[in-house]
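Undergrad: Supplied structure: my_file-v8.txt, compact mmCIF, C-alpha atoms and all ligand atoms.
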# COMPACT_ATOMS: atom_id res chain seq x y z
CA MET A 1 44.74 107.80 124.99
CA SER A 2 48.46 107.67 124.18
CA ARG A 3 50.39 104.46 124.69
CA ILE A 4 53.92 104.63 126.04
CA LEU A 5 56.53 101.88 126.17
CA ILE A 6 59.21 102.11 128.88
CA ILE A 7 62.42 100.16 128.25
CA GLU A 8 64.45 100.31 131.45
CA ASP A 9 66.29 97.54 133.29
CA GLU A 10 66.41 99.09 136.77
CA LEU A 11 63.26 98.07 138.60
CA PRO A 12 62.87 101.15 140.87
CA MET A 13 63.23 103.50 137.90
CA ARG A 14 60.91 101.42 135.75
CA THR A 15 58.25 101.35 138.47
CA ALA A 16 58.56 105.07 139.18
CA LEU A 17 58.20 105.98 135.48
CA LYS A 18 55.22 103.66 135.08
CA ASP A 19 53.47 105.17 138.13
CA ILE A 20 54.06 108.74 137.02
CA LEU A 21 52.83 108.17 133.47
CA GLU A 22 49.83 106.05 134.49
CA SER A 23 48.75 108.70 136.97
CA GLU A 24 48.69 111.15 134.02
CA GLY A 25 46.31 108.79 132.17
CA TYR A 26 48.78 107.25 129.71
CA ARG A 27 48.58 103.57 128.90
CA VAL A 28 51.95 102.15 129.83
CA ARG A 29 53.87 98.99 128.99
CA ALA A 30 57.34 98.16 130.21
CA ALA A 31 60.29 96.01 129.19
CA ALA A 32 63.35 95.18 131.31
CA ASP A 33 65.87 94.47 128.55
CA GLY A 34 66.66 95.61 125.03
CA GLU A 35 65.51 92.52 123.15
CA ASN A 36 62.14 92.38 124.85
CA GLY A 37 61.81 96.16 124.41
CA LEU A 38 62.49 95.90 120.69
CA SER A 39 59.93 93.15 120.15
CA GLN A 40 57.27 95.07 122.11
CA ALA A 41 58.08 98.23 120.14
CA VAL A 42 57.63 96.34 116.87
CA ASP A 43 54.51 94.39 117.91
CA GLU A 44 52.64 97.01 119.92
CA LYS A 45 53.48 100.14 117.90
CA PRO A 46 53.35 102.50 120.91
CA ASP A 47 53.00 106.27 120.44
CA LEU A 48 56.20 106.99 122.36
CA ILE A 49 59.16 105.03 123.72
CA LEU A 50 61.15 105.96 126.83
CA LEU A 51 64.47 104.26 126.26
CA ASP A 52 67.27 103.74 128.75
CA VAL A 53 70.76 103.65 127.22
CA MET A 54 72.52 101.02 129.35
CA LEU A 55 70.42 97.88 128.92
CA PRO A 56 71.15 94.15 128.99
CA LYS A 57 71.04 92.18 125.71
CA LEU A 58 70.69 95.20 123.41
CA ASP A 59 71.66 98.73 124.41
CA GLY A 60 69.49 101.78 123.81
CA PHE A 61 71.57 103.14 120.91
CA ALA A 62 71.49 99.82 119.02
CA LEU A 63 67.78 99.37 119.75
CA CYS A 64 66.94 102.83 118.46
CA ALA A 65 69.05 102.36 115.33
CA GLU A 66 67.28 99.04 114.70
CA LEU A 67 63.84 100.67 115.00
CA ARG A 68 64.80 103.28 112.42
CA ARG A 69 66.28 100.62 110.13
CA LEU A 70 62.88 98.89 110.27
CA GLU A 71 61.31 102.26 109.33
CA ILE A 72 59.44 102.46 112.65
CA ALA A 73 59.14 106.19 113.25
CA THR A 74 57.83 106.07 116.85
CA PRO A 75 59.41 108.98 118.75
CA VAL A 76 62.11 107.94 121.22
CA LEU A 77 62.97 109.84 124.38
CA MET A 78 66.34 108.56 125.58
CA LEU A 79 67.11 108.37 129.27
CA THR A 80 70.60 108.06 130.58
CA ALA A 81 72.58 108.48 133.75
CA LYS A 82 75.51 109.78 131.77
CA GLY A 83 75.10 113.38 130.79
CA GLN A 84 78.07 113.50 128.48
CA VAL A 85 77.87 115.37 125.22
CA GLN A 86 79.07 112.30 123.33
CA ASP A 87 76.16 110.22 124.63
CA ARG A 88 73.72 112.86 123.50
CA VAL A 89 75.27 112.96 120.04
CA THR A 90 75.32 109.15 119.75
CA GLY A 91 71.69 109.02 120.90
CA LEU A 92 70.50 111.57 118.38
CA ASP A 93 72.62 109.93 115.64
CA SER A 94 70.95 106.61 116.33
CA GLY A 95 67.58 108.24 115.68
CA ALA A 96 66.37 109.36 119.13
CA ASP A 97 64.09 112.43 119.13
CA ASP A 98 64.99 113.85 122.50
CA TYR A 99 67.23 113.20 125.45
CA LEU A 100 66.78 113.34 129.21
CA VAL A 101 69.61 113.03 131.73
CA LYS A 102 68.98 111.19 135.02
CA PRO A 103 68.11 112.36 137.56
CA PHE A 104 65.27 114.44 136.11
CA SER A 105 62.17 115.96 137.67
CA THR A 106 58.68 114.61 137.09
CA GLU A 107 57.69 117.96 135.54
CA GLU A 108 60.58 117.85 133.09
CA LEU A 109 59.77 114.28 132.08
CA LEU A 110 56.09 115.03 131.54
CA ALA A 111 56.85 118.20 129.56
CA ARG A 112 59.11 116.25 127.17
CA VAL A 113 56.55 113.46 126.84
CA ARG A 114 53.77 115.93 126.02
CA ALA A 115 55.97 117.75 123.48
CA LEU A 116 56.86 114.53 121.65
CA LEU A 117 53.25 113.31 121.62
CA ARG A 118 52.11 116.67 120.24
CA ARG A 119 54.58 116.25 117.41
CA VAL A 120 53.14 112.81 116.66
CA SER A 121 49.56 114.05 116.49
CA ALA A 122 50.59 117.00 114.28
CA ARG A 123 52.31 114.55 111.96
CA ARG A 124 49.22 112.32 111.88
CA ARG A 125 46.98 115.25 111.03
CA ALA A 126 49.38 116.25 108.26
CA ALA A 127 49.35 112.68 106.96
CA ARG A 128 45.55 112.72 106.88
CA LEU A 129 44.86 116.04 105.17
CA LEU A 130 46.49 117.70 102.22
CA ALA A 131 45.78 121.18 100.85
CA LEU A 132 46.71 122.05 97.27
CA GLY A 133 45.55 125.60 96.66
CA ASP A 134 41.77 125.51 97.09
CA ILE A 135 41.67 121.70 96.87
CA ARG A 136 41.30 119.68 100.09
CA ILE A 137 42.24 116.02 100.10
CA ASP A 138 41.33 113.73 102.99
CA PHE A 139 43.27 110.46 102.77
CA VAL A 140 41.25 108.75 105.50
CA ARG A 141 37.83 109.49 104.02
CA MET A 142 39.28 109.23 100.49
CA THR A 143 37.69 112.48 99.40
CA ALA A 144 39.00 115.32 97.30
CA ARG A 145 37.08 118.54 96.80
CA ARG A 146 37.52 122.00 95.39
CA GLY A 147 35.13 124.11 97.43
CA ARG A 148 31.90 122.13 97.35
CA ARG A 149 32.72 120.30 94.18
CA GLN A 150 33.90 116.77 94.57
CA ILE A 151 36.85 115.63 92.49
CA HIS A 152 36.77 111.93 91.70
CA LEU A 153 40.10 110.19 92.29
CA THR A 154 40.67 106.46 91.92
CA ALA A 155 42.11 104.43 94.81
CA LYS A 156 45.45 104.21 92.98
CA GLU A 157 45.47 107.98 92.44
CA PHE A 158 44.82 108.55 96.16
CA ALA A 159 47.64 106.16 96.99
CA CYS A 160 50.08 107.89 94.63
CA LEU A 161 49.15 111.29 96.04
CA ARG A 162 49.50 110.07 99.61
CA LEU A 163 52.96 108.69 98.89
CA LEU A 164 53.96 112.08 97.49
CA ALA A 165 52.48 113.89 100.51
CA GLU A 166 54.26 111.63 102.98
CA ALA A 167 57.59 112.27 101.26
CA ALA A 168 57.20 115.92 102.39
CA GLY A 169 58.74 117.49 99.32
CA GLU A 170 61.38 114.83 98.69
CA PRO A 171 61.35 113.10 95.31
CA VAL A 172 59.59 109.71 95.06
CA THR A 173 61.07 107.33 92.48
CA ARG A 174 58.90 105.46 89.97
CA GLU A 175 60.18 102.21 91.49
CA ARG A 176 58.94 103.27 94.91
CA PHE A 177 55.51 104.06 93.50
CA LEU A 178 55.40 100.61 91.93
CA ASP A 179 56.51 98.89 95.15
CA LEU A 180 54.16 100.73 97.50
CA VAL A 181 51.11 101.48 95.35
CA TRP A 182 50.99 98.47 93.05
CA GLY A 183 52.87 95.91 95.15
CA TYR A 184 53.37 92.45 93.76
CA ASP A 185 49.89 91.70 92.47
CA ALA A 186 50.41 93.15 89.03
CA PHE A 187 53.16 93.73 86.52
CA PRO A 188 52.91 97.39 85.75
CA THR A 189 55.72 99.34 84.13
CA THR A 190 57.09 102.73 85.10
CA ARG A 191 54.86 104.02 82.28
CA THR A 192 51.88 103.09 84.50
CA VAL A 193 53.16 105.52 87.13
CA ASP A 194 53.52 108.28 84.54
CA ASN A 195 49.95 107.69 83.32
CA HIS A 196 48.55 107.96 86.85
CA ILE A 197 50.52 111.14 87.51
CA ALA A 198 49.25 112.62 84.24
CA SER A 199 45.70 111.79 85.32
CA LEU A 200 46.23 113.34 88.78
CA ARG A 201 47.60 116.49 87.17
CA ALA A 202 44.63 116.72 84.83
CA LYS A 203 42.26 116.52 87.82
CA LEU A 204 44.14 118.70 90.31
CA GLU A 205 46.45 121.13 88.55
CA PRO A 206 45.27 124.54 87.33
CA ASP A 207 47.41 123.90 84.25
CA ALA A 208 48.43 120.27 83.72
CA GLU A 209 51.05 121.33 81.16
CA ALA A 210 52.80 123.56 83.70
CA PRO A 211 52.24 121.72 86.99
CA ARG A 212 52.22 123.77 90.15
CA TRP A 213 51.95 120.90 92.66
CA ILE A 214 53.19 117.65 91.18
CA GLN A 215 56.67 118.32 89.87
CA THR A 216 58.71 116.04 87.62
CA VAL A 217 62.21 115.28 88.90
CA HIS A 218 63.97 114.29 85.70
CA GLY A 219 65.56 110.87 85.74
CA VAL A 220 64.12 110.18 89.22
CA GLY A 221 60.36 110.47 89.60
CA TYR A 222 58.04 113.06 91.10
CA ARG A 223 57.83 115.37 94.06
CA LEU A 224 55.01 117.32 95.66
CA GLU A 225 55.35 121.05 96.11
CA ALA A 226 52.73 121.49 98.82
CA GLU A 227 51.59 124.70 100.45
CA GLY A 228 53.72 125.85 103.36
CA ASP A 229 56.39 123.41 102.24
CA HIS A 230 59.68 125.25 102.26
CA SER A 231 61.95 122.27 101.87
CA CA A 301 70.11 100.90 132.70
Would you encode the structure as C-alpha cells?

TA:
Amino acid sequence: MSRILIIEDELPMRTALKDILESEGYRVRAAADGENGLSQAVDEKPDLILLDVMLPKLDGFALCAELRRLEIATPVLMLTAKGQVQDRVTGLDSGADDYLVKPFSTEELLARVRALLRRVSARRRAARLLALGDIRIDFVRMTARRGRRQIHLTAKEFACLRLLAEAAGEPVTRERFLDLVWGYDAFPTTRTVDNHIASLRAKLEPDAEAPRWIQTVHGVGYRLEAEGDHS
C-alpha cells in the first residue's frame, strides 16, 4: 500500500486530490503549507509527494530543493497553475521528478502517480538484489550464492558491496566507505577499506588480480561495474 503526501494550500484542491487518491486505495496525508509539508515529508517518509508550487511559508521549489539537500530521494510530482516553461525548468532543477499543470484530469494524475511509484519499486528491487555474472547477492537476506553454492560474506563486506551497488557505477571514495560502513565506533584507516575490497574480490571475482566487477578508481576509491550498467 503506497503512501502519498499532498502538500497543497488550497482546500478544495487538497480535498479533491485526497478523495481521488484514497478511492484508488492509496494511504494519503496532507499538509497545507510548505513548512508543515517538509516536516511530514522528513518524518513520515512517504512513497510519493504531490507538491504545489505556490505555498505559504516555504514554496514548492525551495521545499523540493531542501528534501534533496537532506538526501531524501522520495519522488516529487509538482503541481502548478502556471504552465510556463520556466516553472517547469525551475521545478526539475530543484529536484522534482515530474510536473503536472493545473487543471489536469483525474486520469492524467493517476497515470503520473502510478508511473512514479513504479519507478520507486523498481529502484527498491534493484537496491535489494545484485547480479554479478552467475553470482546473486540479496542485501535484505544477506545471502550471496553462485548457483547453489553459498558464498560467505561478512556484514562489513555486504555493507561495502551495497554501497558500491547503490552508487550505480559512480566511484565511491574510501572516506565514504569509512563514514557509512564503519561510522564512528572504530578508528579504521583507508587501508581497512582496501583490505575489505581485496577480500570481496577474492570471494567474488573470477580473477581477483584482474577484477571484472569491483574496479579501482585511482586516487579516489572503487566503483562497481555491474551487469546491464552502461553508465
Ligand atoms: Ca497554491

Undergrad: Write as a ChimeraX atom specification the residues around ligand CA 301 (chain A), taking 12 Å as the cut-off and counting all atoms listed in the file.

TA: /A:6-14,31-34,50-60,78-82,102

Undergrad: So, with only C-alpha atoms as the atoms that count, which of A:Thr154, A:Thr189, A:Ser94, A:Gln215 lies closest to Gly169 of chain A?

TA: A:Gln215

Undergrad: When distances are computed from only C-alpha atoms, which of A:Glu66, A:Glu175, A:Glu205, A:Glu35 shows the smallest separation from Ile151 of chain A?

TA: A:Glu205

Undergrad: Anything within 12 Å of (46.1, 108.9, 120.1): list those residues as a list of chain:residue names, counting only C-alpha atoms and sticking to the file's coordinates.

TA: A:Met1, A:Ser2, A:Arg3, A:Ile4, A:Tyr26, A:Arg27, A:Lys45, A:Pro46, A:Asp47, A:Leu48, A:Arg114, A:Leu117, A:Arg118, A:Arg119, A:Val120, A:Ser121, A:Ala122, A:Arg123, A:Arg124, A:Arg125

Undergrad: Using atom CA of Leu224 of chain A and atom CA of Leu163 of chain A as the two end points, give the distance in Å to one decimal.

TA: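 These two atoms are separated by 9.4 Å.
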
Undergrad: Within 10 Å of Leu153 of chain A, counting all atoms listed in the file, which residues qualify if same-chain residues fewer than 4 places away don't, as a list of chain:residue names?

TA: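 Close residues of Leu153 of chain A: A:Ile137, A:Met142, A:Thr143, A:Ala144, A:Arg145, A:Glu157, A:Phe158, A:Ala159, A:Leu161, A:Ser199, A:Leu200, A:Lys203, A:Leu204.
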
Undergrad: Could you check which of A:Gln40, A:Arg162, A:Ile214, A:Arg69 is closest to Leu130 of chain A, using all atoms listed in the file?

TA: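 The closest residue to Leu130 of chain A is A:Arg162.
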
Undergrad: One decimal, Å: what's the distance from atom CA of Leu5 of chain A over to atom CA of Gly37 of chain A, could you say?

TA: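 Atom-to-atom, atom CA of Leu5 of chain A and atom CA of Gly37 of chain A are spaced 8.0 Å apart.
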
Undergrad: What is the atom CA of Glu22 of chain A to atom CA of Leu67 of chain A distance in Å?

TA: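 Between atom CA of Glu22 of chain A and atom CA of Leu67 of chain A the gap is 24.6 Å.
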
Undergrad: Pick the closest to Leu63 of chain A from A:Leu38, A:Leu164, A:Val181, A:Leu77: which is it, counting only C-alpha atoms?

TA: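 Nearest candidate to Leu63 of chain A out of A:Leu38, A:Leu164, A:Val181, A:Leu77: A:Leu38.
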
Undergrad: Determine the nearest neighbour of Arg128 of chain A from the options A:Arg88, A:Arg112, A:Arg141, A:Arg201, counting all atoms listed in the file.

TA: A:Arg141

Undergrad: Neighbours of Val220 of chain A within 10 Å (all atoms listed in the file; same-chain residues fewer than 3 positions away dropped), as JSON, numbers by chain?

TA: {"A": [171, 172, 173, 174, 175, 216, 217, 223]}
